[in-house]
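Notes for the one structure printed next.
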There are 2 protein chains.
Amino acid sequence: MFRYNKLLVLVLLLLGTATQVQASEPLASWNDVASKAAVIDFVEAVTQQGGPDYVVPSERIAVFDNAGTLWSEKPIYFQLLFAIDRVKALAPEHPEWKTTQPFKAVLDNDMDALADAGEKGLLELVMATHAGMTTGEFSTTVTDWLATARHPRFKRPYTELVYQPMLELLAYLRDNGFKTFIVSGGGIEFMRPWVEAVYGIPPEQVVGSSIKTKFEMRDGKPVLVRLPEINFIDDKEGKPVGINQHIGRRPIAAFGNSDGDLQMLQWTVAEEGKRLAVIVHHTDDVREYAYDKDSHVGRLDKALAEANGNGWTVIDMKNDWKVIYPFQKH
Amino acid sequence: MFRYNKLLVLVLLLLGTATQVQASEPLASWNDVASKAAVIDFVEAVTQQGGPDYVVPSERIAVFDNAGTLWSEKPIYFQLLFAIDRVKALAPEHPEWKTTQPFKAVLDNDMDALADAGEKGLLELVMATHAGMTTGEFSTTVTDWLATARHPRFKRPYTELVYQPMLELLAYLRDNGFKTFIVSGGGIEFMRPWVEAVYGIPPEQVVGSSIKTKFEMRDGKPVLVRLPEINFIDDKEGKPVGINQHIGRRPIAAFGNSDGDLQMLQWTVAEEGKRLAVIVHHTDDVREYAYDKDSHVGRLDKALAEANGNGWTVIDMKNDWKVIYPFQKH
């Protein structure tokens with residue numbers, strides 16, 4: 001027994017060494033800038049056992065917006081590009097779409113008419129393309145689309161348009177005992193088929209917008225059918241609601257990029273203790289896109305003002321990141 | 001480097017040994033019965049690397065009903081006893097309750113009148129006691145109640161009326177790489193304050209019924225206010241819906257005790273591959289309670305028939321378990 005305990009100490013020492021070696025160069029694609037230092041300072045503070053800011057591992061919850069924070073969102077949200085492609089694919093079964101808005105606008109590639117359709121039109125597009133099938137069928141459709149669809153500017157699969165520095169950040173946080181969650185305005189079932197492979201975030205750690213589903217028996221087999229009815233919108237005031245509903249405890253770190261993330265950031269920092277609130281600011285129109293308060297997609301206005309007023313961390317993508325996408329690594 | 005690798009092998013061997021020692025006596029409070037064998041056969045099959053039934057750890061999702069499966073539910077659901085105690089505590093602020101049903105019935109301890117109030121009356125009780133405060137305030141109220149309330153028959157805190165063999169089962173599954181979830185008809189926010197300490201299940205792995213919440217700024221501080229409006233009922237057909245919404249993948253093992261769990265069990269076994277569906281049958285009126293198809297609380301009728309017809313595992317509490325509650329261990 002004594003021999004066993006001595007060996008166990010050796011084991012723990014060795015594992016400790018291995019972990020240190022692995023973590024020796026976290027955030028390799030980040031320049032030595034204030035945002036990187038803020039992240040590392042925070043992680044070191046909350047993981048320092050016996051330190052004043054120590055947080056037990058079970059409470060190390062970090063939440064990430066998706067579009068604009070983990071992957072790109074220009075020229076428009078990728079999920080909307082999916083809906084447009086689905087309308088085109090389904091059009092032969094819907095001859096009436098040739099003369100009905102907003103479907104006609106999509107089939108005619110008439111983006112002005114599509115914009116005119118407004119929120120109501122977008123909702124119709126989403127319901128026509130996201131509802132009416134089983135959950136399994138929808139998941140397959142998303143996977144098939146991602147395998148073939150290409151981004152109009154970068155000519156690459158959408159899942160390659162993720163931010164290398166954020167992938168490193170996710171890994172760094174997990175190496176330090178954090179549980180990483182997505183909290184996105186996007187569709188929860190649109191994200192789940194691919195986020196585990198791309199971000200290392202399992203489906204059960206995804207919070208998002210959703211439509212209702214219904215349990216049904218079909219030929220003696222249970223299925224969940226997706227209904228054309230909004231269940232939950234995980235945006236703005238909805239994000240803290242979604243976090244509470246799914247996670248049931250308050251994050252200590254939150255990462256967003258737009259005004260849609262403001263309430264999530266406010267909710268995260270509102271409790272006592274060391275907290276980290278980070279805004280990804282799109283400043284690089286050469287390697288990605290540059291936009292903030294005047295953009296319809298991913299508008300960043302109030303949240304940036306609040307970040308500056310409260311000393312939150314702002315990532316300047318052009319200045320802070322050595323590369324944007326994984327394929328730019330050499 | 002070579003030296004390091006040799007040590008690493010030693011490390012892994014040691015860890016392997018330690019795990020085996022720890023797992024040498026799983027399910028210690030179970031008699032050597034068919035239900036115990038079925039659980040162990042299942043776990044060994046899905047964890048045997050290279051075996052025909054192997055399941056990768058990320059897909060090892062096990063779901064548990066709560067009332068009647070992990071803790072007792074007699075004489076009535078403990079959450080309803082909480083609501084009754086809350087009505088009594090809040091009565092001084094609500095003089096009108098003295099003459100208004102269903103509150104009058106509660107204050108008069110008139111269980112017949114309470115039963116007459118039906119589902120609508122119960123809903124009124126729940127809304128009057130579960131809504132109108134912030135999420136933080138409600139959590140504190142639940143914690144305070146559990147600290148002082150005692151079960152009418154066993155004169156112990158409700159959190160001691162959990163099933164020792166099920167605690168061992170939860171630990172055994174987690175030791176074998178499973179992620180354990182609660183999927184309960186009970187209130188999600190009623191369970192979250194205590195399930196981590198009692199079951200080792202973190203708040204983010206709890207699925208349950210819920211009312212809506214609303215994000216609000218109060219004195220510059222964000223809060224979530226609980227609204228008197230149903231958000232989701234996680235029972236019967238709702239359980240697969242809740243599982244899909246929260247977990248986003250299908251469990252491979254499910255544990256329930258009543259007809260409210262039938263669809264969850266059907267959903268779990270409906271996919272190809274090794275699956276485990278288990279019913280806890282309340283057969284012990286000496287150490288706990290004996291009830292099934294004629295009980296209003298935790299009625300077990302159709303699910304038992306389906307279990308018998310499909311070869312699901314049925315736990316006979318009286319015969320299969322050496323002890324029911326942790327305090328009966330010696």
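Ligands are numbered from 1 in the order shown, residues from 1 within each chain, and chains are lettered A, B, ... in the order they appear in the structure tokens.
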Could the residues of stretch 179-298 of chain B that have an atom at most 12 Å from stretch 59-78 of chain A be listed as a Markdown table, each with its closest atom pair and the distance in Å to one decimal, counting only C-alpha atoms and ordered by chain and ascending residue number?
| residue | atom | partner | partner_atom | distance |
| --- | --- | --- | --- | --- |
| B:Glu196 | CA | A:Glu59 | CA | 11.7 |
| B:Pro202 | CA | A:Glu59 | CA | 9.7 |
| B:Pro203 | CA | A:Glu59 | CA | 10.3 |
| B:Glu204 | CA | A:Ile61 | CA | 10.1 |
Next item on the list: Would you return as a ChimeraX atom specification the members of stretch 125-271 of chain A that DSSP assigns to helix (DSSP H, G or I) on this structure's backbone?
Entry: /A:125-130,135-148,158-160,164-175,188-199,203-205,238-246,259-269
Next item on the list: Output as a ChimeraX atom specification the set of chain A residues within 9 Å of chain B, with distances taken over only C-alpha atoms.
Entry: /A:4,7-8,10-12,14-15,58,135,188-189,192,202-207,210,212-216,221-224,237-241,244-249,263,266-267,270
Margin query: Between atom CA of B:Pro52 and atom CA of B:Leu265, what distance in Å does the model show, to one decimal?
Written below: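 Calculated distance between atom CA of B:Pro52 and atom CA of B:Leu265 is 22.6 Å.
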Margin query: I need the residue nearest A:Ala115 from this list: A:Asp285, A:Leu300, A:Phe103, A:Val280. Use only C-alpha atoms for the distance.
Written below: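 Looking only at the distances to A:Ala115, the closest residue turns out to be A:Phe103.
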Next item on the list: Just give me the gap between atom CA of B:Asn308 and atom CA of B:Val278 in Å, one decimal is fine.
Entry: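 A separation of 10.8 Å between them.
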Considering only strand (DSSP E) as DSSP defines it on the backbone, what residues of stretch 37-265 of chain B qualify? List them as a CSV table (one decimal) with all heavy atoms, in the first residue's frame.
chain,number,residue,atom,x,y,z
B,61,ILE,N,-24.8,8.4,-23.3
B,61,ILE,CA,-25.8,9.3,-22.6
B,61,ILE,C,-26.8,8.4,-21.9
B,61,ILE,O,-27.4,7.6,-22.5
B,61,ILE,CB,-26.5,10.2,-23.6
B,61,ILE,CG1,-25.5,11.0,-24.5
B,61,ILE,CG2,-27.6,11.1,-22.9
B,61,ILE,CD1,-24.9,12.1,-23.8
B,62,ALA,N,-26.9,8.6,-20.6
B,62,ALA,CA,-27.9,7.9,-19.8
B,62,ALA,C,-28.9,8.9,-19.2
B,62,ALA,O,-28.5,9.9,-18.6
B,62,ALA,CB,-27.3,7.1,-18.7
B,63,VAL,N,-30.2,8.7,-19.3
B,63,VAL,CA,-31.2,9.6,-18.7
B,63,VAL,C,-32.0,8.9,-17.7
B,63,VAL,O,-32.4,7.7,-17.7
B,63,VAL,CB,-32.1,10.1,-19.9
B,63,VAL,CG1,-31.4,11.0,-20.8
B,63,VAL,CG2,-32.8,9.0,-20.7
B,64,PHE,N,-32.3,9.7,-16.6
B,64,PHE,CA,-33.0,9.2,-15.4
B,64,PHE,C,-34.2,10.1,-15.1
B,64,PHE,O,-34.0,11.3,-15.0
B,64,PHE,CB,-32.1,9.2,-14.2
B,64,PHE,CG,-31.0,8.2,-14.3
B,64,PHE,CD1,-29.9,8.5,-15.0
B,64,PHE,CD2,-31.1,7.0,-13.6
B,64,PHE,CE1,-28.9,7.5,-15.1
B,64,PHE,CE2,-30.1,6.1,-13.7
B,64,PHE,CZ,-29.0,6.3,-14.4
B,179,LYS,N,-22.3,10.1,-19.4
B,179,LYS,CA,-22.8,11.3,-18.9
B,179,LYS,C,-24.2,11.1,-18.5
B,179,LYS,O,-25.0,10.6,-19.2
B,179,LYS,CB,-22.8,12.3,-20.1
B,179,LYS,CG,-22.1,13.7,-19.8
B,179,LYS,CD,-22.1,14.6,-21.0
B,179,LYS,CE,-21.3,15.8,-20.7
B,179,LYS,NZ,-21.1,16.7,-21.9
B,180,THR,N,-24.5,11.4,-17.2
B,180,THR,CA,-25.8,11.1,-16.6
B,180,THR,C,-26.7,12.4,-16.6
B,180,THR,O,-26.2,13.4,-16.1
B,180,THR,CB,-25.7,10.5,-15.2
B,180,THR,OG1,-24.8,11.4,-14.4
B,180,THR,CG2,-25.0,9.1,-15.2
B,181,PHE,N,-27.9,12.3,-17.1
B,181,PHE,CA,-28.8,13.4,-17.1
B,181,PHE,C,-30.1,13.0,-16.3
B,181,PHE,O,-30.5,11.9,-16.4
B,181,PHE,CB,-29.3,13.7,-18.6
B,181,PHE,CG,-28.2,14.4,-19.4
B,181,PHE,CD1,-27.2,13.6,-20.0
B,181,PHE,CD2,-28.3,15.7,-19.6
B,181,PHE,CE1,-26.2,14.2,-20.8
B,181,PHE,CE2,-27.3,16.3,-20.4
B,181,PHE,CZ,-26.3,15.6,-21.0
B,182,ILE,N,-30.7,14.0,-15.7
B,182,ILE,CA,-32.1,13.9,-15.2
B,182,ILE,C,-33.0,14.3,-16.3
B,182,ILE,O,-32.8,15.4,-16.9
B,182,ILE,CB,-32.3,14.7,-13.9
B,182,ILE,CG1,-31.5,14.1,-12.8
B,182,ILE,CG2,-33.7,14.8,-13.5
B,182,ILE,CD1,-31.5,14.9,-11.5
B,183,VAL,N,-34.1,13.6,-16.5
B,183,VAL,CA,-35.2,14.0,-17.4
B,183,VAL,C,-36.5,13.8,-16.7
B,183,VAL,O,-37.0,12.7,-16.7
B,183,VAL,CB,-35.1,13.2,-18.8
B,183,VAL,CG1,-36.3,13.7,-19.7
B,183,VAL,CG2,-33.8,13.5,-19.5
B,184,SER,N,-36.9,14.9,-16.1
B,184,SER,CA,-38.0,14.7,-15.1
B,184,SER,C,-39.2,15.6,-15.4
B,184,SER,O,-39.0,16.7,-16.0
B,184,SER,CB,-37.5,15.1,-13.7
B,184,SER,OG,-38.5,15.4,-12.8
B,185,GLY,N,-40.4,15.2,-15.1
B,185,GLY,CA,-41.6,16.0,-15.2
B,185,GLY,C,-41.6,17.1,-14.1
B,185,GLY,O,-42.3,18.1,-14.3
B,186,GLY,N,-40.7,17.0,-13.1
B,186,GLY,CA,-40.6,18.0,-12.1
B,186,GLY,C,-40.0,19.3,-12.6
B,186,GLY,O,-39.5,19.4,-13.7
B,187,GLY,N,-40.1,20.4,-11.8
B,187,GLY,CA,-39.5,21.7,-12.2
B,187,GLY,C,-38.0,21.7,-12.3
B,187,GLY,O,-37.3,21.3,-11.4
B,206,VAL,N,-29.6,18.7,-16.3
B,206,VAL,CA,-31.0,18.5,-15.8
B,206,VAL,C,-32.0,19.0,-16.9
B,206,VAL,O,-31.9,20.1,-17.3
B,206,VAL,CB,-31.2,19.3,-14.5
B,206,VAL,CG1,-32.7,19.1,-14.0
B,206,VAL,CG2,-30.2,18.8,-13.4
B,207,VAL,N,-32.9,18.1,-17.2
B,207,VAL,CA,-34.0,18.5,-18.1
B,207,VAL,C,-35.3,18.4,-17.3
B,207,VAL,O,-35.5,17.4,-16.5
B,207,VAL,CB,-34.1,17.6,-19.3
B,207,VAL,CG1,-35.2,18.0,-20.3
B,207,VAL,CG2,-32.7,17.4,-20.0
B,208,GLY,N,-36.2,19.4,-17.4
B,208,GLY,CA,-37.4,19.3,-16.6
B,208,GLY,C,-38.4,20.3,-17.1
B,208,GLY,O,-38.3,20.9,-18.1
B,209,SER,N,-39.6,20.3,-16.4
B,209,SER,CA,-40.6,21.3,-16.8
B,209,SER,C,-40.2,22.7,-16.3
B,209,SER,O,-39.4,22.8,-15.4
B,209,SER,CB,-41.9,20.9,-16.1
B,209,SER,OG,-42.4,19.6,-16.5
B,210,SER,N,-40.8,23.7,-17.0
B,210,SER,CA,-40.3,25.0,-16.7
B,210,SER,C,-41.4,26.0,-16.9
B,210,SER,O,-42.4,25.8,-17.7
B,210,SER,CB,-39.1,25.4,-17.5
B,210,SER,OG,-39.3,25.3,-18.8
B,211,ILE,N,-41.3,27.2,-16.2
B,211,ILE,CA,-42.2,28.3,-16.6
B,211,ILE,C,-41.3,29.3,-17.3
B,211,ILE,O,-40.0,29.1,-17.3
B,211,ILE,CB,-42.8,29.0,-15.3
B,211,ILE,CG1,-41.7,29.3,-14.3
B,211,ILE,CG2,-43.8,28.0,-14.7
B,211,ILE,CD1,-42.3,30.1,-13.1
B,212,LYS,N,-41.9,30.3,-18.0
B,212,LYS,CA,-41.1,31.3,-18.7
B,212,LYS,C,-40.3,32.2,-17.8
B,212,LYS,O,-40.8,32.4,-16.6
B,212,LYS,CB,-42.0,32.0,-19.7
B,212,LYS,CG,-42.5,31.2,-20.8
B,212,LYS,CD,-43.0,32.1,-21.9
B,212,LYS,CE,-43.7,31.2,-23.0
B,212,LYS,NZ,-42.8,30.4,-23.8
B,213,THR,N,-39.2,32.7,-18.2
B,213,THR,CA,-38.5,33.8,-17.5
B,213,THR,C,-38.3,35.0,-18.4
B,213,THR,O,-38.3,34.8,-19.6
B,213,THR,CB,-37.1,33.3,-16.9
B,213,THR,OG1,-36.3,33.0,-18.0
B,213,THR,CG2,-37.3,32.1,-16.0
B,214,LYS,N,-38.0,36.1,-17.7
B,214,LYS,CA,-37.9,37.3,-18.5
B,214,LYS,C,-36.7,38.1,-18.0
B,214,LYS,O,-36.5,38.3,-16.8
B,214,LYS,CB,-39.1,38.2,-18.3
B,214,LYS,CG,-39.2,39.5,-19.1
B,214,LYS,CD,-40.5,40.2,-18.9
B,214,LYS,CE,-40.6,41.5,-19.7
B,214,LYS,NZ,-39.7,42.5,-19.2
B,215,PHE,N,-35.8,38.5,-18.9
B,215,PHE,CA,-34.6,39.3,-18.6
B,215,PHE,C,-35.1,40.8,-18.3
B,215,PHE,O,-35.8,41.4,-19.0
B,215,PHE,CB,-33.7,39.3,-19.7
B,215,PHE,CG,-32.4,40.1,-19.5
B,215,PHE,CD1,-31.3,39.5,-19.0
B,215,PHE,CD2,-32.3,41.4,-19.9
B,215,PHE,CE1,-30.1,40.2,-18.8
B,215,PHE,CE2,-31.1,42.2,-19.8
B,215,PHE,CZ,-30.0,41.6,-19.2
B,216,GLU,N,-34.6,41.3,-17.1
B,216,GLU,CA,-34.9,42.7,-16.7
B,216,GLU,C,-33.7,43.3,-16.1
B,216,GLU,O,-32.9,42.6,-15.4
B,216,GLU,CB,-36.0,42.6,-15.7
B,216,GLU,CG,-37.4,43.0,-16.1
B,216,GLU,CD,-38.4,43.0,-14.9
B,216,GLU,OE1,-38.1,43.5,-13.8
B,216,GLU,OE2,-39.4,42.4,-15.1
B,217,MET,N,-33.7,44.7,-16.2
B,217,MET,CA,-32.7,45.4,-15.4
B,217,MET,C,-33.3,46.0,-14.2
B,217,MET,O,-34.3,46.7,-14.3
B,217,MET,CB,-32.1,46.6,-16.3
B,217,MET,CG,-31.1,46.1,-17.3
B,217,MET,SD,-29.5,45.7,-16.4
B,217,MET,CE,-28.5,45.2,-17.8
B,218,ARG,N,-32.8,45.6,-13.0
B,218,ARG,CA,-33.3,46.2,-11.8
B,218,ARG,C,-32.2,46.9,-11.1
B,218,ARG,O,-31.2,46.3,-10.7
B,218,ARG,CB,-33.8,45.1,-10.8
B,218,ARG,CG,-35.2,44.5,-11.3
B,218,ARG,CD,-35.8,43.6,-10.3
B,218,ARG,NE,-37.0,43.1,-10.8
B,218,ARG,CZ,-37.8,42.1,-10.2
B,218,ARG,NH1,-37.3,41.6,-9.0
B,218,ARG,NH2,-38.9,41.7,-10.7
B,221,LYS,N,-28.9,46.3,-12.5
B,221,LYS,CA,-28.4,44.9,-12.4
B,221,LYS,C,-29.4,44.0,-13.1
B,221,LYS,O,-30.6,44.0,-12.9
B,221,LYS,CB,-28.3,44.5,-10.9
B,221,LYS,CG,-27.1,43.6,-10.6
B,221,LYS,CD,-27.1,43.1,-9.2
B,221,LYS,CE,-26.5,41.7,-9.2
B,221,LYS,NZ,-26.2,41.2,-7.9
B,222,PRO,N,-28.9,43.1,-14.0
B,222,PRO,CA,-29.8,42.2,-14.7
B,222,PRO,C,-30.3,41.1,-13.8
B,222,PRO,O,-29.5,40.5,-13.1
B,222,PRO,CB,-28.9,41.6,-15.9
B,222,PRO,CG,-27.5,41.7,-15.3
B,222,PRO,CD,-27.4,42.9,-14.4
B,223,VAL,N,-31.6,40.8,-14.0
B,223,VAL,CA,-32.2,39.7,-13.3
B,223,VAL,C,-33.0,38.9,-14.3
B,223,VAL,O,-33.4,39.4,-15.3
B,223,VAL,CB,-33.0,40.1,-12.1
B,223,VAL,CG1,-32.2,40.7,-11.0
B,223,VAL,CG2,-34.1,41.1,-12.5
B,224,LEU,N,-33.3,37.6,-13.9
B,224,LEU,CA,-34.3,36.9,-14.6
B,224,LEU,C,-35.5,36.7,-13.7
B,224,LEU,O,-35.4,36.1,-12.6
B,224,LEU,CB,-33.7,35.5,-15.0
B,224,LEU,CG,-32.7,35.5,-16.1
B,224,LEU,CD1,-32.1,34.1,-16.3
B,224,LEU,CD2,-33.2,36.0,-17.5
B,225,VAL,N,-36.7,37.2,-14.2
B,225,VAL,CA,-37.9,37.1,-13.4
B,225,VAL,C,-38.7,35.9,-13.8
B,225,VAL,O,-38.9,35.7,-15.0
B,225,VAL,CB,-38.7,38.4,-13.5
B,225,VAL,CG1,-39.9,38.3,-12.6
B,225,VAL,CG2,-37.8,39.6,-13.1
B,226,ARG,N,-39.2,35.1,-12.9
B,226,ARG,CA,-40.0,33.9,-13.2
B,226,ARG,C,-41.5,34.4,-13.4
B,226,ARG,O,-42.1,35.0,-12.6
B,226,ARG,CB,-39.9,32.9,-12.1
B,226,ARG,CG,-38.5,32.3,-12.0
B,226,ARG,CD,-38.2,31.5,-10.8
B,226,ARG,NE,-39.2,30.4,-10.6
B,226,ARG,CZ,-39.1,29.2,-11.3
B,226,ARG,NH1,-38.1,29.0,-12.1
B,226,ARG,NH2,-40.0,28.3,-11.1
B,227,LEU,N,-42.0,34.0,-14.6
B,227,LEU,CA,-43.3,34.4,-15.0
B,227,LEU,C,-44.4,33.3,-14.8
B,227,LEU,O,-44.0,32.2,-14.9
B,227,LEU,CB,-43.3,34.8,-16.5
B,227,LEU,CG,-42.3,35.9,-16.9
B,227,LEU,CD1,-42.4,36.1,-18.4
B,227,LEU,CD2,-42.5,37.2,-16.1
B,228,PRO,N,-45.6,33.7,-14.4
B,228,PRO,CA,-46.7,32.7,-14.2
B,228,PRO,C,-47.2,32.2,-15.5
B,228,PRO,O,-48.4,32.3,-15.8
B,228,PRO,CB,-47.7,33.4,-13.4
B,228,PRO,CG,-47.6,34.9,-13.8
B,228,PRO,CD,-46.1,35.1,-14.2
B,229,GLU,N,-46.3,31.6,-16.3
B,229,GLU,CA,-46.7,31.1,-17.7
B,229,GLU,C,-45.9,29.8,-18.0
B,229,GLU,O,-44.6,29.8,-17.9
B,229,GLU,CB,-46.4,32.2,-18.7
B,229,GLU,CG,-46.9,31.9,-20.1
B,229,GLU,CD,-46.5,33.0,-21.1
B,229,GLU,OE1,-46.0,34.1,-20.6
B,229,GLU,OE2,-46.5,32.7,-22.3
B,230,ILE,N,-46.6,28.7,-18.3
B,230,ILE,CA,-45.9,27.5,-18.6
B,230,ILE,C,-45.0,27.7,-19.8
B,230,ILE,O,-45.3,28.2,-20.8
B,230,ILE,CB,-46.9,26.4,-19.0
B,230,ILE,CG1,-47.7,26.0,-17.7
B,230,ILE,CG2,-46.2,25.1,-19.5
B,230,ILE,CD1,-47.0,25.2,-16.7
B,231,ASN,N,-43.7,27.2,-19.7
B,231,ASN,CA,-42.8,27.2,-20.8
B,231,ASN,C,-42.8,25.8,-21.5
B,231,ASN,O,-42.9,25.7,-22.7
B,231,ASN,CB,-41.4,27.6,-20.4
B,231,ASN,CG,-40.4,27.6,-21.5
B,231,ASN,OD1,-40.6,28.3,-22.5
B,231,ASN,ND2,-39.4,26.7,-21.4
B,232,PHE,N,-42.7,24.7,-20.7
B,232,PHE,CA,-42.5,23.4,-21.2
B,232,PHE,C,-42.9,22.4,-20.1
B,232,PHE,O,-42.5,22.5,-19.0
B,232,PHE,CB,-41.0,23.2,-21.6
B,232,PHE,CG,-40.8,21.8,-22.2
B,232,PHE,CD1,-41.4,21.5,-23.4
B,232,PHE,CD2,-39.9,20.9,-21.6
B,232,PHE,CE1,-41.1,20.2,-23.9
B,232,PHE,CE2,-39.7,19.7,-22.1
B,232,PHE,CZ,-40.3,19.3,-23.3
B,253,ALA,N,-29.3,4.7,-22.8
B,253,ALA,CA,-29.8,4.0,-21.6
B,253,ALA,C,-30.8,5.0,-21.0
B,253,ALA,O,-30.6,6.2,-20.9
B,253,ALA,CB,-28.7,3.7,-20.6
B,254,ALA,N,-32.0,4.4,-20.5
B,254,ALA,CA,-33.0,5.3,-19.9
B,254,ALA,C,-33.6,4.5,-18.7
B,254,ALA,O,-33.8,3.3,-18.8
B,254,ALA,CB,-34.1,5.7,-20.9
B,255,PHE,N,-33.9,5.3,-17.7
B,255,PHE,CA,-34.4,4.7,-16.4
B,255,PHE,C,-35.7,5.5,-16.0
B,255,PHE,O,-35.6,6.7,-15.8
B,255,PHE,CB,-33.4,4.8,-15.3
B,255,PHE,CG,-32.1,4.1,-15.7
B,255,PHE,CD1,-31.1,4.7,-16.5
B,255,PHE,CD2,-31.8,2.8,-15.3
B,255,PHE,CE1,-30.0,4.0,-16.9
B,255,PHE,CE2,-30.7,2.1,-15.6
B,255,PHE,CZ,-29.7,2.7,-16.4
B,256,GLY,N,-36.8,4.8,-15.8
B,256,GLY,CA,-38.0,5.5,-15.4
B,256,GLY,C,-38.8,4.6,-14.4
B,256,GLY,O,-38.3,3.5,-14.1
Note to self: With only C-alpha atoms as the counted atoms, please give the residues lying no more than 12 Å from B:Thr143, apart from itself and same-chain residues fewer than 4 positions off, as JSON, numbers by chain.
What the structure shows: {"B": [82, 136, 137, 138, 139, 147, 148, 149, 157, 158, 159, 189, 190, 191, 192, 193, 194, 195, 197]}
Those residues with N, CA, C and O atoms, as an mmCIF file, in the first residue's frame please?
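The resulting file, again21.cif, is reproduced below:
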data_model
loop_
_atom_site.group_PDB
_atom_site.id
_atom_site.type_symbol
_atom_site.label_atom_id
_atom_site.label_comp_id
_atom_site.auth_asym_id
_atom_site.auth_seq_id
_atom_site.Cartn_x
_atom_site.Cartn_y
_atom_site.Cartn_z
ATOM 1 N N PHE B 82 -43.708 21.004 -1.336
ATOM 2 C CA PHE B 82 -43.029 22.305 -1.293
ATOM 3 C C PHE B 82 -44.026 23.426 -1.573
ATOM 4 O O PHE B 82 -44.078 24.425 -0.847
ATOM 5 N N GLY B 136 -32.726 33.645 -8.828
ATOM 6 C CA GLY B 136 -31.869 33.506 -7.653
ATOM 7 C C GLY B 136 -32.685 33.376 -6.378
ATOM 8 O O GLY B 136 -32.382 32.551 -5.512
ATOM 9 N N GLU B 137 -33.740 34.180 -6.265
ATOM 10 C CA GLU B 137 -34.595 34.108 -5.073
ATOM 11 C C GLU B 137 -35.286 32.744 -4.977
ATOM 12 O O GLU B 137 -35.380 32.158 -3.892
ATOM 13 N N PHE B 138 -35.748 32.231 -6.118
ATOM 14 C CA PHE B 138 -36.433 30.935 -6.083
ATOM 15 C C PHE B 138 -35.477 29.826 -5.647
ATOM 16 O O PHE B 138 -35.820 28.967 -4.829
ATOM 17 N N SER B 139 -34.275 29.877 -6.188
ATOM 18 C CA SER B 139 -33.271 28.873 -5.829
ATOM 19 C C SER B 139 -33.011 28.875 -4.319
ATOM 20 O O SER B 139 -32.930 27.817 -3.684
ATOM 21 N N ALA B 147 -33.684 22.374 3.637
ATOM 22 C CA ALA B 147 -32.893 22.310 4.867
ATOM 23 C C ALA B 147 -33.769 22.032 6.087
ATOM 24 O O ALA B 147 -33.293 21.492 7.087
ATOM 25 N N THR B 148 -35.039 22.397 6.029
ATOM 26 C CA THR B 148 -35.871 22.286 7.223
ATOM 27 C C THR B 148 -37.054 21.317 7.069
ATOM 28 O O THR B 148 -37.504 20.742 8.050
ATOM 29 N N ALA B 149 -37.559 21.139 5.839
ATOM 30 C CA ALA B 149 -38.748 20.292 5.651
ATOM 31 C C ALA B 149 -38.407 18.827 5.929
ATOM 32 O O ALA B 149 -37.291 18.372 5.679
ATOM 33 N N PRO B 157 -35.021 14.735 5.930
ATOM 34 C CA PRO B 157 -35.009 15.651 4.781
ATOM 35 C C PRO B 157 -35.309 14.873 3.496
ATOM 36 O O PRO B 157 -34.880 13.714 3.356
ATOM 37 N N TYR B 158 -36.003 15.511 2.577
ATOM 38 C CA TYR B 158 -36.369 14.837 1.327
ATOM 39 C C TYR B 158 -35.149 14.361 0.551
ATOM 40 O O TYR B 158 -35.198 13.340 -0.134
ATOM 41 N N THR B 159 -34.046 15.087 0.669
ATOM 42 C CA THR B 159 -32.840 14.701 -0.081
ATOM 43 C C THR B 159 -32.184 13.436 0.488
ATOM 44 O O THR B 159 -31.245 12.920 -0.102
ATOM 45 N N GLU B 189 -35.980 24.113 -12.216
ATOM 46 C CA GLU B 189 -35.352 24.998 -11.228
ATOM 47 C C GLU B 189 -35.607 24.531 -9.792
ATOM 48 O O GLU B 189 -34.956 25.004 -8.869
ATOM 49 N N PHE B 190 -36.538 23.608 -9.617
ATOM 50 C CA PHE B 190 -36.735 22.998 -8.303
ATOM 51 C C PHE B 190 -35.645 21.948 -8.041
ATOM 52 O O PHE B 190 -35.264 21.692 -6.901
ATOM 53 N N MET B 191 -35.127 21.338 -9.107
ATOM 54 C CA MET B 191 -34.119 20.280 -8.945
ATOM 55 C C MET B 191 -32.681 20.805 -8.908
ATOM 56 O O MET B 191 -31.842 20.299 -8.179
ATOM 57 N N ARG B 192 -32.434 21.839 -9.731
ATOM 58 C CA ARG B 192 -31.039 22.254 -9.904
ATOM 59 C C ARG B 192 -30.299 22.647 -8.623
ATOM 60 O O ARG B 192 -29.092 22.415 -8.532
ATOM 61 N N PRO B 193 -30.973 23.256 -7.622
ATOM 62 C CA PRO B 193 -30.201 23.676 -6.450
ATOM 63 C C PRO B 193 -29.568 22.520 -5.660
ATOM 64 O O PRO B 193 -28.636 22.745 -4.902
ATOM 65 N N TRP B 194 -30.052 21.291 -5.809
ATOM 66 C CA TRP B 194 -29.564 20.229 -4.921
ATOM 67 C C TRP B 194 -29.067 18.973 -5.648
ATOM 68 O O TRP B 194 -28.400 18.134 -5.034
ATOM 69 N N VAL B 195 -29.369 18.802 -6.933
ATOM 70 C CA VAL B 195 -29.039 17.523 -7.574
ATOM 71 C C VAL B 195 -27.537 17.287 -7.719
ATOM 72 O O VAL B 195 -27.089 16.136 -7.751
ATOM 73 N N ALA B 197 -25.161 18.047 -5.505
ATOM 74 C CA ALA B 197 -24.671 17.508 -4.230
ATOM 75 C C ALA B 197 -25.227 16.112 -3.967
ATOM 76 O O ALA B 197 -24.534 15.251 -3.424
#
